[in-house]
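S.K.: PDB, C-alpha atoms and all ligand atoms, file protein.pdb:
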ATOM      1  CA  MET Q  21     122.946  41.686  36.664  1.00  0.00           C
ATOM      2  CA  SER Q  22     119.346  41.775  35.554  1.00  0.00           C
ATOM      3  CA  GLY Q  23     118.325  44.050  38.394  1.00  0.00           C
ATOM      4  CA  LYS Q  24     115.249  41.936  38.840  1.00  0.00           C
ATOM      5  CA  VAL Q  25     113.677  42.269  42.238  1.00  0.00           C
ATOM      6  CA  GLU Q  26     113.563  38.983  44.095  1.00  0.00           C
ATOM      7  CA  ARG Q  27     110.104  38.346  45.556  1.00  0.00           C
ATOM      8  CA  VAL Q  28     108.712  36.222  48.337  1.00  0.00           C
ATOM      9  CA  LYS Q  29     105.221  34.745  48.027  1.00  0.00           C
ATOM     10  CA  THR Q  30     102.881  35.833  50.791  1.00  0.00           C
ATOM     11  CA  GLY Q  31     100.702  32.721  50.805  1.00  0.00           C
ATOM     12  CA  ILE Q  32      97.576  34.905  50.680  1.00  0.00           C
ATOM     13  CA  PRO Q  33      95.586  33.978  47.540  1.00  0.00           C
ATOM     14  CA  GLY Q  34      95.017  37.076  45.433  1.00  0.00           C
ATOM     15  CA  LEU Q  35      97.586  39.273  47.189  1.00  0.00           C
ATOM     16  CA  ASP Q  36     100.771  38.473  45.274  1.00  0.00           C
ATOM     17  CA  GLU Q  37      99.122  39.474  41.996  1.00  0.00           C
ATOM     18  CA  LEU Q  38      98.567  42.943  43.437  1.00  0.00           C
ATOM     19  CA  ILE Q  39     102.210  43.480  44.343  1.00  0.00           C
ATOM     20  CA  GLN Q  40     104.115  42.158  41.347  1.00  0.00           C
ATOM     21  CA  GLY Q  41     104.488  38.639  42.716  1.00  0.00           C
ATOM     22  CA  GLY Q  42     105.034  39.073  46.448  1.00  0.00           C
ATOM     23  CA  PHE Q  43     106.983  41.000  49.067  1.00  0.00           C
ATOM     24  CA  VAL Q  44     110.454  42.159  48.109  1.00  0.00           C
ATOM     25  CA  LYS Q  45     112.867  39.656  49.617  1.00  0.00           C
ATOM     26  CA  ASP Q  46     114.415  40.839  52.895  1.00  0.00           C
ATOM     27  CA  ASN Q  47     111.987  43.709  53.264  1.00  0.00           C
ATOM     28  CA  ALA Q  48     109.912  44.495  56.359  1.00  0.00           C
ATOM     29  CA  VAL Q  49     106.164  44.880  55.866  1.00  0.00           C
ATOM     30  CA  LEU Q  50     103.771  46.203  58.463  1.00  0.00           C
ATOM     31  CA  ILE Q  51     100.218  44.899  58.729  1.00  0.00           C
ATOM     32  CA  THR Q  52      98.047  47.436  60.471  1.00  0.00           C
ATOM     33  CA  GLY Q  53      94.423  47.043  61.503  1.00  0.00           C
ATOM     34  CA  SER Q  54      92.098  47.255  64.458  1.00  0.00           C
ATOM     35  CA  ALA Q  55      90.998  44.318  66.631  1.00  0.00           C
ATOM     36  CA  GLY Q  56      89.863  41.220  64.777  1.00  0.00           C
ATOM     37  CA  THR Q  57      90.831  42.380  61.304  1.00  0.00           C
ATOM     38  CA  GLY Q  58      92.982  39.285  60.673  1.00  0.00           C
ATOM     39  CA  LYS Q  59      96.516  40.417  61.529  1.00  0.00           C
ATOM     40  CA  THR Q  60      97.488  37.272  63.400  1.00  0.00           C
ATOM     41  CA  ILE Q  61      95.937  34.991  60.771  1.00  0.00           C
ATOM     42  CA  PHE Q  62      97.912  36.894  58.116  1.00  0.00           C
ATOM     43  CA  CYS Q  63     101.086  36.175  60.080  1.00  0.00           C
ATOM     44  CA  SER Q  64     100.404  32.462  60.425  1.00  0.00           C
ATOM     45  CA  GLN Q  65      99.486  32.169  56.764  1.00  0.00           C
ATOM     46  CA  PHE Q  66     102.706  33.921  55.716  1.00  0.00           C
ATOM     47  CA  ILE Q  67     104.706  31.575  57.924  1.00  0.00           C
ATOM     48  CA  TRP Q  68     102.824  28.532  56.631  1.00  0.00           C
ATOM     49  CA  GLU Q  69     103.656  29.481  53.033  1.00  0.00           C
ATOM     50  CA  GLY Q  70     107.320  29.709  53.973  1.00  0.00           C
ATOM     51  CA  LEU Q  71     107.333  26.367  55.749  1.00  0.00           C
ATOM     52  CA  GLN Q  72     105.835  24.692  52.657  1.00  0.00           C
ATOM     53  CA  ASN Q  73     108.689  26.096  50.610  1.00  0.00           C
ATOM     54  CA  GLY Q  74     111.447  24.989  52.928  1.00  0.00           C
ATOM     55  CA  ASP Q  75     112.071  28.387  54.551  1.00  0.00           C
ATOM     56  CA  ASN Q  76     113.301  28.594  58.108  1.00  0.00           C
ATOM     57  CA  CYS Q  77     110.729  30.627  59.995  1.00  0.00           C
ATOM     58  CA  MET Q  78     110.433  32.454  63.273  1.00  0.00           C
ATOM     59  CA  PHE Q  79     107.241  33.693  64.928  1.00  0.00           C
ATOM     60  CA  ILE Q  80     107.696  36.163  67.767  1.00  0.00           C
ATOM     61  CA  THR Q  81     104.476  36.698  69.643  1.00  0.00           C
ATOM     62  CA  PHE Q  82     104.111  39.539  72.107  1.00  0.00           C
ATOM     63  CA  GLU Q  83     100.479  38.956  72.954  1.00  0.00           C
ATOM     64  CA  GLU Q  84      99.088  35.485  72.435  1.00  0.00           C
ATOM     65  CA  ARG Q  85     100.664  32.370  73.877  1.00  0.00           C
ATOM     66  CA  PRO Q  86     102.461  30.121  71.367  1.00  0.00           C
ATOM     67  CA  GLU Q  87     100.011  27.329  72.167  1.00  0.00           C
ATOM     68  CA  LYS Q  88      97.140  29.565  71.156  1.00  0.00           C
ATOM     69  CA  ILE Q  89      98.832  30.672  67.953  1.00  0.00           C
ATOM     70  CA  LYS Q  90      99.344  27.022  67.029  1.00  0.00           C
ATOM     71  CA  GLN Q  91      95.774  26.077  67.914  1.00  0.00           C
ATOM     72  CA  GLU Q  92      94.341  28.905  65.851  1.00  0.00           C
ATOM     73  CA  ALA Q  93      96.575  28.045  62.898  1.00  0.00           C
ATOM     74  CA  MET Q  94      95.471  24.437  63.154  1.00  0.00           C
ATOM     75  CA  ASP Q  95      91.850  25.597  62.660  1.00  0.00           C
ATOM     76  CA  PHE Q  96      92.940  26.462  59.120  1.00  0.00           C
ATOM     77  CA  GLY Q  97      94.818  23.193  58.716  1.00  0.00           C
ATOM     78  CA  TRP Q  98      98.263  24.751  59.247  1.00  0.00           C
ATOM     79  CA  ASP Q  99     100.126  22.292  61.425  1.00  0.00           C
ATOM     80  CA  LEU Q 100     102.837  24.546  62.842  1.00  0.00           C
ATOM     81  CA  GLN Q 101     103.722  22.069  65.563  1.00  0.00           C
ATOM     82  CA  LYS Q 102     105.026  19.599  62.998  1.00  0.00           C
ATOM     83  CA  TYR Q 103     107.540  22.166  61.734  1.00  0.00           C
ATOM     84  CA  GLU Q 104     108.476  23.301  65.209  1.00  0.00           C
ATOM     85  CA  ASP Q 105     109.294  19.672  66.031  1.00  0.00           C
ATOM     86  CA  LYS Q 106     111.438  19.466  62.903  1.00  0.00           C
ATOM     87  CA  GLY Q 107     113.294  22.620  63.899  1.00  0.00           C
ATOM     88  CA  GLN Q 108     112.178  24.569  60.833  1.00  0.00           C
ATOM     89  CA  LEU Q 109     109.986  26.886  62.912  1.00  0.00           C
ATOM     90  CA  ILE Q 110     110.780  28.736  66.114  1.00  0.00           C
ATOM     91  CA  ILE Q 111     107.933  30.294  68.081  1.00  0.00           C
ATOM     92  CA  ARG Q 112     108.948  32.607  70.903  1.00  0.00           C
ATOM     93  CA  GLN Q 113     106.801  34.562  73.269  1.00  0.00           C
ATOM     94  CA  LYS Q 114     108.084  37.829  74.594  1.00  0.00           C
ATOM     95  CA  ASP Q 115     106.396  38.831  77.811  1.00  0.00           C
ATOM     96  CA  PRO Q 116     105.403  42.491  77.676  1.00  0.00           C
ATOM     97  CA  PHE Q 117     105.678  42.750  81.426  1.00  0.00           C
ATOM     98  CA  ASP Q 118     109.205  41.482  81.473  1.00  0.00           C
ATOM     99  CA  THR Q 119     110.970  44.613  82.604  1.00  0.00           C
ATOM    100  CA  SER Q 120     114.435  43.649  81.450  1.00  0.00           C
ATOM    101  CA  GLU Q 121     116.561  46.183  79.656  1.00  0.00           C
ATOM    102  CA  GLY Q 122     115.580  47.525  76.264  1.00  0.00           C
ATOM    103  CA  ASP Q 123     118.479  45.886  74.500  1.00  0.00           C
ATOM    104  CA  GLU Q 124     117.286  42.525  75.665  1.00  0.00           C
ATOM    105  CA  LEU Q 125     114.652  42.847  72.977  1.00  0.00           C
ATOM    106  CA  PHE Q 126     117.360  42.312  70.453  1.00  0.00           C
ATOM    107  CA  TRP Q 127     118.096  38.756  71.446  1.00  0.00           C
ATOM    108  CA  PHE Q 128     116.274  37.983  68.241  1.00  0.00           C
ATOM    109  CA  ARG Q 129     119.197  39.262  66.193  1.00  0.00           C
ATOM    110  CA  SER Q 130     121.408  36.345  67.226  1.00  0.00           C
ATOM    111  CA  GLU Q 131     118.498  33.910  66.935  1.00  0.00           C
ATOM    112  CA  LEU Q 132     117.944  35.020  63.342  1.00  0.00           C
ATOM    113  CA  GLU Q 133     121.566  34.444  62.447  1.00  0.00           C
ATOM    114  CA  LYS Q 134     122.017  31.233  64.379  1.00  0.00           C
ATOM    115  CA  ASN Q 135     118.952  29.648  62.817  1.00  0.00           C
ATOM    116  CA  ASP Q 136     119.419  31.125  59.362  1.00  0.00           C
ATOM    117  CA  VAL Q 137     115.851  32.462  59.458  1.00  0.00           C
ATOM    118  CA  ASP Q 138     114.272  33.356  56.095  1.00  0.00           C
ATOM    119  CA  ARG Q 139     110.869  34.569  57.311  1.00  0.00           C
ATOM    120  CA  LEU Q 140     110.123  36.444  60.504  1.00  0.00           C
ATOM    121  CA  VAL Q 141     106.835  37.501  62.048  1.00  0.00           C
ATOM    122  CA  MET Q 142     106.392  39.849  64.991  1.00  0.00           C
ATOM    123  CA  ASP Q 143     102.859  40.083  66.368  1.00  0.00           C
ATOM    124  CA  SER Q 144     102.084  42.701  67.645  1.00  0.00           C
ATOM    125  CA  THR Q 145     104.505  45.574  68.067  1.00  0.00           C
ATOM    126  CA  SER Q 146     101.742  47.669  69.694  1.00  0.00           C
ATOM    127  CA  ILE Q 147     102.545  46.010  72.968  1.00  0.00           C
ATOM    128  CA  LEU Q 148     105.803  47.984  73.080  1.00  0.00           C
ATOM    129  CA  SER Q 149     103.841  50.860  74.517  1.00  0.00           C
ATOM    130  CA  LEU Q 150     103.384  48.751  77.630  1.00  0.00           C
ATOM    131  CA  TYR Q 151     107.120  48.287  78.017  1.00  0.00           C
ATOM    132  CA  TYR Q 152     108.026  51.902  77.806  1.00  0.00           C
ATOM    133  CA  ASP Q 153     106.107  54.740  79.295  1.00  0.00           C
ATOM    134  CA  ASP Q 154     107.334  57.430  76.998  1.00  0.00           C
ATOM    135  CA  GLN Q 155     106.654  57.535  73.297  1.00  0.00           C
ATOM    136  CA  TYR Q 156     110.214  58.431  72.479  1.00  0.00           C
ATOM    137  CA  LYS Q 157     111.330  55.065  73.881  1.00  0.00           C
ATOM    138  CA  VAL Q 158     108.642  53.232  71.922  1.00  0.00           C
ATOM    139  CA  ARG Q 159     109.766  54.877  68.708  1.00  0.00           C
ATOM    140  CA  GLU Q 160     113.406  54.251  69.449  1.00  0.00           C
ATOM    141  CA  ASN Q 161     112.721  50.571  69.979  1.00  0.00           C
ATOM    142  CA  LEU Q 162     110.576  50.229  66.898  1.00  0.00           C
ATOM    143  CA  PHE Q 163     113.415  51.799  64.995  1.00  0.00           C
ATOM    144  CA  LYS Q 164     115.864  49.305  66.498  1.00  0.00           C
ATOM    145  CA  ILE Q 165     113.621  46.388  65.601  1.00  0.00           C
ATOM    146  CA  VAL Q 166     113.336  47.500  61.991  1.00  0.00           C
ATOM    147  CA  ARG Q 167     117.065  48.197  61.823  1.00  0.00           C
ATOM    148  CA  THR Q 168     117.827  44.721  63.149  1.00  0.00           C
ATOM    149  CA  ILE Q 169     115.551  43.226  60.503  1.00  0.00           C
ATOM    150  CA  GLU Q 170     117.223  45.307  57.794  1.00  0.00           C
ATOM    151  CA  GLU Q 171     120.623  44.082  58.858  1.00  0.00           C
ATOM    152  CA  SER Q 172     119.517  40.465  58.694  1.00  0.00           C
ATOM    153  CA  ASP Q 173     118.679  38.544  55.535  1.00  0.00           C
ATOM    154  CA  VAL Q 174     115.101  38.034  56.540  1.00  0.00           C
ATOM    155  CA  THR Q 175     111.709  38.897  55.078  1.00  0.00           C
ATOM    156  CA  ALA Q 176     109.561  40.182  57.903  1.00  0.00           C
ATOM    157  CA  VAL Q 177     105.929  40.835  58.674  1.00  0.00           C
ATOM    158  CA  LEU Q 178     105.225  43.040  61.675  1.00  0.00           C
ATOM    159  CA  THR Q 179     101.778  43.854  62.941  1.00  0.00           C
ATOM    160  CA  THR Q 180     100.450  46.869  64.740  1.00  0.00           C
ATOM    161  CA  GLU Q 181      97.091  47.969  65.962  1.00  0.00           C
ATOM    162  CA  SER Q 182      95.574  50.922  64.179  1.00  0.00           C
ATOM    163  CA  PRO Q 183      93.515  53.161  66.428  1.00  0.00           C
ATOM    164  CA  GLU Q 184      89.820  52.572  65.891  1.00  0.00           C
ATOM    165  CA  GLY Q 185      87.711  55.454  64.665  1.00  0.00           C
ATOM    166  CA  GLU Q 186      90.730  57.670  64.026  1.00  0.00           C
ATOM    167  CA  ASP Q 187      92.184  58.532  60.692  1.00  0.00           C
ATOM    168  CA  LYS Q 188      95.621  57.299  61.699  1.00  0.00           C
ATOM    169  CA  LEU Q 189      97.376  54.392  60.065  1.00  0.00           C
ATOM    170  CA  THR Q 190      99.378  53.462  63.137  1.00  0.00           C
ATOM    171  CA  ARG Q 191      99.286  54.386  66.784  1.00  0.00           C
ATOM    172  CA  PHE Q 192     102.622  56.159  66.983  1.00  0.00           C
ATOM    173  CA  GLY Q 193     102.595  57.582  63.499  1.00  0.00           C
ATOM    174  CA  VAL Q 194     106.191  56.552  62.836  1.00  0.00           C
ATOM    175  CA  GLU Q 195     105.926  52.858  62.108  1.00  0.00           C
ATOM    176  CA  GLU Q 196     104.750  53.411  58.551  1.00  0.00           C
ATOM    177  CA  TYR Q 197     107.838  55.444  57.691  1.00  0.00           C
ATOM    178  CA  LEU Q 198     110.299  52.926  59.072  1.00  0.00           C
ATOM    179  CA  VAL Q 199     109.113  49.884  57.161  1.00  0.00           C
ATOM    180  CA  ASP Q 200     109.279  49.044  53.450  1.00  0.00           C
ATOM    181  CA  GLY Q 201     105.617  48.248  53.097  1.00  0.00           C
ATOM    182  CA  VAL Q 202     102.308  48.914  54.811  1.00  0.00           C
ATOM    183  CA  ILE Q 203      99.132  46.889  54.374  1.00  0.00           C
ATOM    184  CA  LYS Q 204      95.967  48.034  56.063  1.00  0.00           C
ATOM    185  CA  LEU Q 205      93.222  45.612  57.066  1.00  0.00           C
ATOM    186  CA  ASP Q 206      89.719  46.912  57.685  1.00  0.00           C
ATOM    187  CA  ILE Q 207      86.288  45.797  58.700  1.00  0.00           C
ATOM    188  CA  LEU Q 208      83.550  47.930  57.232  1.00  0.00           C
ATOM    189  CA  SER Q 209      80.771  47.851  59.750  1.00  0.00           C
ATOM    190  CA  MET Q 210      78.093  49.289  57.511  1.00  0.00           C
ATOM    191  CA  GLY Q 211      75.755  46.671  56.093  1.00  0.00           C
ATOM    192  CA  GLY Q 212      77.342  43.594  57.616  1.00  0.00           C
ATOM    193  CA  SER Q 213      80.983  42.863  58.131  1.00  0.00           C
ATOM    194  CA  ALA Q 214      82.799  43.268  54.851  1.00  0.00           C
ATOM    195  CA  ARG Q 215      86.546  42.946  55.193  1.00  0.00           C
ATOM    196  CA  SER Q 216      89.019  44.787  53.078  1.00  0.00           C
ATOM    197  CA  LEU Q 217      92.737  45.069  52.486  1.00  0.00           C
ATOM    198  CA  SER Q 218      94.623  47.986  51.011  1.00  0.00           C
ATOM    199  CA  ILE Q 219      98.253  48.354  50.101  1.00  0.00           C
ATOM    200  CA  ARG Q 220      99.278  51.728  51.432  1.00  0.00           C
ATOM    201  CA  LYS Q 221     102.930  51.505  50.620  1.00  0.00           C
ATOM    202  CA  MET Q 222     105.244  48.948  49.027  1.00  0.00           C
ATOM    203  CA  ARG Q 223     108.740  50.076  48.136  1.00  0.00           C
ATOM    204  CA  ARG Q 224     110.062  48.979  44.717  1.00  0.00           C
ATOM    205  CA  THR Q 225     106.582  47.818  43.772  1.00  0.00           C
ATOM    206  CA  LYS Q 226     103.931  49.062  41.412  1.00  0.00           C
ATOM    207  CA  HIS Q 227     100.583  48.729  43.127  1.00  0.00           C
ATOM    208  CA  LYS Q 228      97.188  50.287  43.470  1.00  0.00           C
ATOM    209  CA  THR Q 229      96.116  51.902  46.718  1.00  0.00           C
ATOM    210  CA  LYS Q 230      92.411  51.134  46.521  1.00  0.00           C
ATOM    211  CA  SER Q 231      90.848  48.728  48.953  1.00  0.00           C
ATOM    212  CA  HIS Q 232      90.296  45.138  47.918  1.00  0.00           C
ATOM    213  CA  GLU Q 233      87.629  42.860  49.244  1.00  0.00           C
ATOM    214  CA  MET Q 234      89.038  40.318  51.647  1.00  0.00           C
ATOM    215  CA  GLU Q 235      87.617  37.118  53.078  1.00  0.00           C
ATOM    216  CA  ILE Q 236      88.486  34.864  55.963  1.00  0.00           C
ATOM    217  CA  THR Q 237      87.263  31.313  55.420  1.00  0.00           C
ATOM    218  CA  GLU Q 238      88.309  27.907  56.742  1.00  0.00           C
ATOM    219  CA  ASP Q 239      91.275  28.141  54.359  1.00  0.00           C
ATOM    220  CA  GLY Q 240      92.458  31.458  55.769  1.00  0.00           C
ATOM    221  CA  ILE Q 241      92.626  34.904  54.184  1.00  0.00           C
ATOM    222  CA  SER Q 242      92.000  35.476  50.495  1.00  0.00           C
ATOM    223  CA  ILE Q 243      91.639  38.578  48.369  1.00  0.00           C
ATOM    224  CA  GLN Q 244      88.935  38.890  45.741  1.00  0.00           C
TER
HETATM  225  N1  LIG T   1      87.963  29.699  61.078  1.00  0.00           N
HETATM  226  C1  LIG T   1      87.577  30.943  60.775  1.00  0.00           C
HETATM  227  N2  LIG T   1      86.791  31.175  59.711  1.00  0.00           N
HETATM  228  C2  LIG T   1      86.423  32.427  59.394  1.00  0.00           C
HETATM  229  N3  LIG T   1      86.794  33.507  60.074  1.00  0.00           N
HETATM  230  C3  LIG T   1      87.577  33.332  61.138  1.00  0.00           C
HETATM  231  C4  LIG T   1      88.013  32.048  61.552  1.00  0.00           C
HETATM  232  N4  LIG T   1      88.794  32.196  62.622  1.00  0.00           N
HETATM  233  C5  LIG T   1      88.835  33.501  62.886  1.00  0.00           C
HETATM  234  N5  LIG T   1      88.113  34.183  62.011  1.00  0.00           N
HETATM  235  C6  LIG T   1      87.932  35.649  61.981  1.00  0.00           C
HETATM  236  O1  LIG T   1      89.203  36.222  62.228  1.00  0.00           O
HETATM  237  C7  LIG T   1      89.152  37.107  63.342  1.00  0.00           C
HETATM  238  C8  LIG T   1      90.404  37.012  64.162  1.00  0.00           C
HETATM  239  O2  LIG T   1      91.502  37.258  63.329  1.00  0.00           O
HETATM  240  P1  LIG T   1      92.907  37.643  63.997  1.00  0.00           P
HETATM  241  O3  LIG T   1      93.062  36.979  65.301  1.00  0.00           O
HETATM  242  O4  LIG T   1      93.934  37.390  62.961  1.00  0.00           O
HETATM  243  O5  LIG T   1      92.687  39.190  64.186  1.00  0.00           O
HETATM  244  P2  LIG T   1      93.754  40.235  64.785  1.00  0.00           P
HETATM  245  O6  LIG T   1      93.726  41.396  63.863  1.00  0.00           O
HETATM  246  O7  LIG T   1      95.024  39.559  65.042  1.00  0.00           O
HETATM  247  O8  LIG T   1      93.023  40.641  66.137  1.00  0.00           O
HETATM  248  P3  LIG T   1      93.666  41.221  67.496  1.00  0.00           P
HETATM  249  O9  LIG T   1      93.847  42.676  67.269  1.00  0.00           O
HETATM  250  O10 LIG T   1      92.626  40.910  68.502  1.00  0.00           O
HETATM  251  O11 LIG T   1      94.943  40.490  67.729  1.00  0.00           O
HETATM  252  C9  LIG T   1      87.966  36.659  64.142  1.00  0.00           C
HETATM  253  O12 LIG T   1      87.423  37.740  64.874  1.00  0.00           O
HETATM  254  C10 LIG T   1      87.033  36.145  63.080  1.00  0.00           C
HETATM  255  O13 LIG T   1      86.250  37.202  62.552  1.00  0.00           O
HETATM  256 MG    MG T   2      96.184  39.329  66.728  1.00  0.00          MG
END
Once more with this new file: its structure as structure tokens, please.
M.R.:
Amino acid sequence: MSGKVERVKTGIPGLDELIQGGFVKDNAVLITGSAGTGKTIFCSQFIWEGLQNGDNCMFITFEERPEKIKQEAMDFGWDLQKYEDKGQLIIRQKDPFDTSEGDELFWFRSELEKNDVDRLVMDSTSILSLYYDDQYKVRENLFKIVRTIEESDVTAVLTTESPEGEDKLTRFGVEEYLVDGVIKLDILSMGGSARSLSIRKMRRTKHKTKSHEMEITEDGISIQ
């Protein structure tokens, strides 16, 4: 055994070089940022990279409708529909106002196994706070989600909203401890609208923590 860490390319130009070649295979990485920082685009780009490489992919959307996700991806030239038709991509919407039991959330465990999913995206876990009125329940369910991902052979990107104007990485303050990696997206409002990305945590990976300039163009996200 070489002990070499197997890595999964993110599909974000400039990012893999900062994290020794990509995300650690089968890890769960959290993308945190306030509104409009590019979390959903990051998700679609990660999925698109997987689809190009023959990975089976699953996109669970809690907020936007699947149609909208596909439309927005298409703006960047990522034809998700084609792969959904082929059965290589599954897009599922989970209605936050569906009041079914907590465990129902874990239908995705069997879907992951049944479809042999390699890449999973969950956008955005912040909506969990609408399901459950007490924070303990939110944390418990986040924990269950991450545990389910850990028990499956899947590389996952989860997103969460970071509270604006507060010095908190995540809303509940627990998400960042549960996952293997945390990437923060920012918009610096001073002097225009510079975007940045910083790697706050990445287990088994040597990385810097400084912020890197980020761009969103017609080709998607890239890091300078
Ligand atoms: N084609 C494009 N070219 C350049 N920038 C774009 C393009 N499409 C979207 N954007 C930028 O990306 C932003 C939206 O990104 P995205 O939807 O990924 O953000 P988000 O973090 O998911 O936001 P939310 O918290 O609302 O879900 C837009 O506000 C815009 O600034
Ligand atoms: Mg979004």
S.K.: Dump the neighbourhood of ligand MG 2 (chain T) as a ChimeraX atom specification: all residues within 10 Å, distances computed on all atoms listed in the file.
M.R.: /Q:53-63,81-84,89,143-144,179-181
S.K.: For the file shown, what are the residues hit by the PyMOL selection byres (((chain Q and resi 35) around 10) and not hetatm), laid out as a count of residues only?
M.R.: 23
S.K.: As an mmCIF file with C-alpha atoms, keeping the file's coordinate frame, please: the residues near Glu104 in chain Q (cut-off 12 Å, only C-alpha atoms, same-chain neighbours under 5 positions excluded).
M.R.:
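Once everything was written out, this is around.cif:
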data_model
loop_
_atom_site.group_PDB
_atom_site.id
_atom_site.type_symbol
_atom_site.label_atom_id
_atom_site.label_comp_id
_atom_site.auth_asym_id
_atom_site.auth_seq_id
_atom_site.Cartn_x
_atom_site.Cartn_y
_atom_site.Cartn_z
ATOM 1 C CA ILE Q 67 104.706 31.575 57.924
ATOM 2 C CA TRP Q 68 102.824 28.532 56.631
ATOM 3 C CA LEU Q 71 107.333 26.367 55.749
ATOM 4 C CA ASN Q 76 113.301 28.594 58.108
ATOM 5 C CA CYS Q 77 110.729 30.627 59.995
ATOM 6 C CA MET Q 78 110.433 32.454 63.273
ATOM 7 C CA PHE Q 79 107.241 33.693 64.928
ATOM 8 C CA PRO Q 86 102.461 30.121 71.367
ATOM 9 C CA GLU Q 87 100.011 27.329 72.167
ATOM 10 C CA LYS Q 90 99.344 27.022 67.029
ATOM 11 C CA TRP Q 98 98.263 24.751 59.247
ATOM 12 C CA ASP Q 99 100.126 22.292 61.425
ATOM 13 C CA LEU Q 109 109.986 26.886 62.912
ATOM 14 C CA ILE Q 110 110.780 28.736 66.114
ATOM 15 C CA ILE Q 111 107.933 30.294 68.081
ATOM 16 C CA ARG Q 112 108.948 32.607 70.903
#
S.K.: One decimal, Å: what's the distance from atom O13 of ligand LIG 1 (chain T) over to CA of Gly185 in chain Q, could you say?
M.R.: 18.4 Å
S.K.: Using the file's own x, y and z axes, what box holds all listed atoms of range 163-180 of chain Q with 8 Å on each side, keeping edges along x, y and z, and what are its centre and edge lengths in Å to one decimal, as AutoDock Vina command-line options?
M.R.:
--center_x 110.5 --center_y 44.9 --center_z 60.8 --size_x 36.2 --size_y 29.8 --size_z 27.4
S.K.: So, with only C-alpha atoms and all ligand atoms as the atoms that count, which of Q:Asp46, Q:Asp154, Q:Asp206, Q:Glu238 lies closest to ligand LIG 1 (chain T)?
M.R.: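 Counting only C-alpha atoms and all ligand atoms, the residue closest to ligand LIG 1 (chain T) is Q:Glu238.
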S.K.: So, counting only C-alpha atoms, which residue among Q:Glu233, Q:Asp239, Q:Asp136, Q:Asp200 is closest to Ile51 in chain Q?
M.R.: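 Looking at the shortest contact to Ile51 in chain Q, the residue is Q:Asp200.
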S.K.: Using Å and a single decimal, report how far atom O4 of ligand LIG 1 (chain T) sits from CA of Ser231 in chain Q.
M.R.: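 So the two atoms, CA of Ser231 in chain Q and atom O4 of ligand LIG 1 (chain T), lie 18.3 Å apart.
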S.K.: Taking into account all atoms listed in the file, which residue in the set Q:Ile80, Q:Leu150, Q:Leu132, Q:Ile236 is nearest to ligand LIG 1 (chain T)?
M.R.: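 Answer, going by the shortest atom-to-atom distance: Q:Ile236.
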S.K.: Grab the CA of Val177 in chain Q to CA of Val141 in chain Q distance for me, in Å with one decimal place.
M.R.: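 Those two atoms sit 4.8 Å apart.
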S.K.: Measuring between all atoms listed in the file, which one of Q:Glu170, Q:Asp153, Q:Glu92, Q:Glu26 shows the shortest distance to ligand LIG 1 (chain T)?
M.R.: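 Closest to ligand LIG 1 (chain T) of all the choices is Q:Glu92.
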S.K.: Please determine, counting only C-alpha atoms and all ligand atoms, which residue among Q:Gln91, Q:Thr175, Q:Gln72, Q:Asn47 has the shortest atom-to-atom distance to ligand LIG 1 (chain T).
M.R.: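 Closest candidate: Q:Gln91.
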S.K.: Could you check which of Q:Thr168, Q:Thr190, Q:Ser146, Q:Gln108 is closest to ligand LIG 1 (chain T), using all atoms listed in the file?
M.R.: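 Closest candidate: Q:Ser146.
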S.K.: I need the residue set behind the PyMOL selection byres (((chain Q and resi 201) around 9) and not hetatm) for this file; please write it as a VMD selection string.
M.R.: chain Q and resid 43 47 to 51 196 to 200 202 to 203 219 to 223
S.K.: Taking the file as shown, what set of residues would the PyMOL selection byres (((chain Q and resi 159) around 10) and not hetatm) give back, as a VMD selection string?
M.R.: chain Q and resid 148 to 149 152 154 to 158 160 to 165 192 to 195 198
S.K.: Write the residues of the selection above to a file with C-alpha atoms, as a PDB file, in the coordinates of the input.
M.R.:
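Saved file part22.pdb follows:
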ATOM      1  CA  LEU Q 148     105.803  47.984  73.080  1.00  0.00           C
ATOM      2  CA  SER Q 149     103.841  50.860  74.517  1.00  0.00           C
ATOM      3  CA  TYR Q 152     108.026  51.902  77.806  1.00  0.00           C
ATOM      4  CA  ASP Q 154     107.334  57.430  76.998  1.00  0.00           C
ATOM      5  CA  GLN Q 155     106.654  57.535  73.297  1.00  0.00           C
ATOM      6  CA  TYR Q 156     110.214  58.431  72.479  1.00  0.00           C
ATOM      7  CA  LYS Q 157     111.330  55.065  73.881  1.00  0.00           C
ATOM      8  CA  VAL Q 158     108.642  53.232  71.922  1.00  0.00           C
ATOM      9  CA  GLU Q 160     113.406  54.251  69.449  1.00  0.00           C
ATOM     10  CA  ASN Q 161     112.721  50.571  69.979  1.00  0.00           C
ATOM     11  CA  LEU Q 162     110.576  50.229  66.898  1.00  0.00           C
ATOM     12  CA  PHE Q 163     113.415  51.799  64.995  1.00  0.00           C
ATOM     13  CA  LYS Q 164     115.864  49.305  66.498  1.00  0.00           C
ATOM     14  CA  ILE Q 165     113.621  46.388  65.601  1.00  0.00           C
ATOM     15  CA  PHE Q 192     102.622  56.159  66.983  1.00  0.00           C
ATOM     16  CA  GLY Q 193     102.595  57.582  63.499  1.00  0.00           C
ATOM     17  CA  VAL Q 194     106.191  56.552  62.836  1.00  0.00           C
ATOM     18  CA  GLU Q 195     105.926  52.858  62.108  1.00  0.00           C
ATOM     19  CA  LEU Q 198     110.299  52.926  59.072  1.00  0.00           C
TER      20      LEU Q 198
END
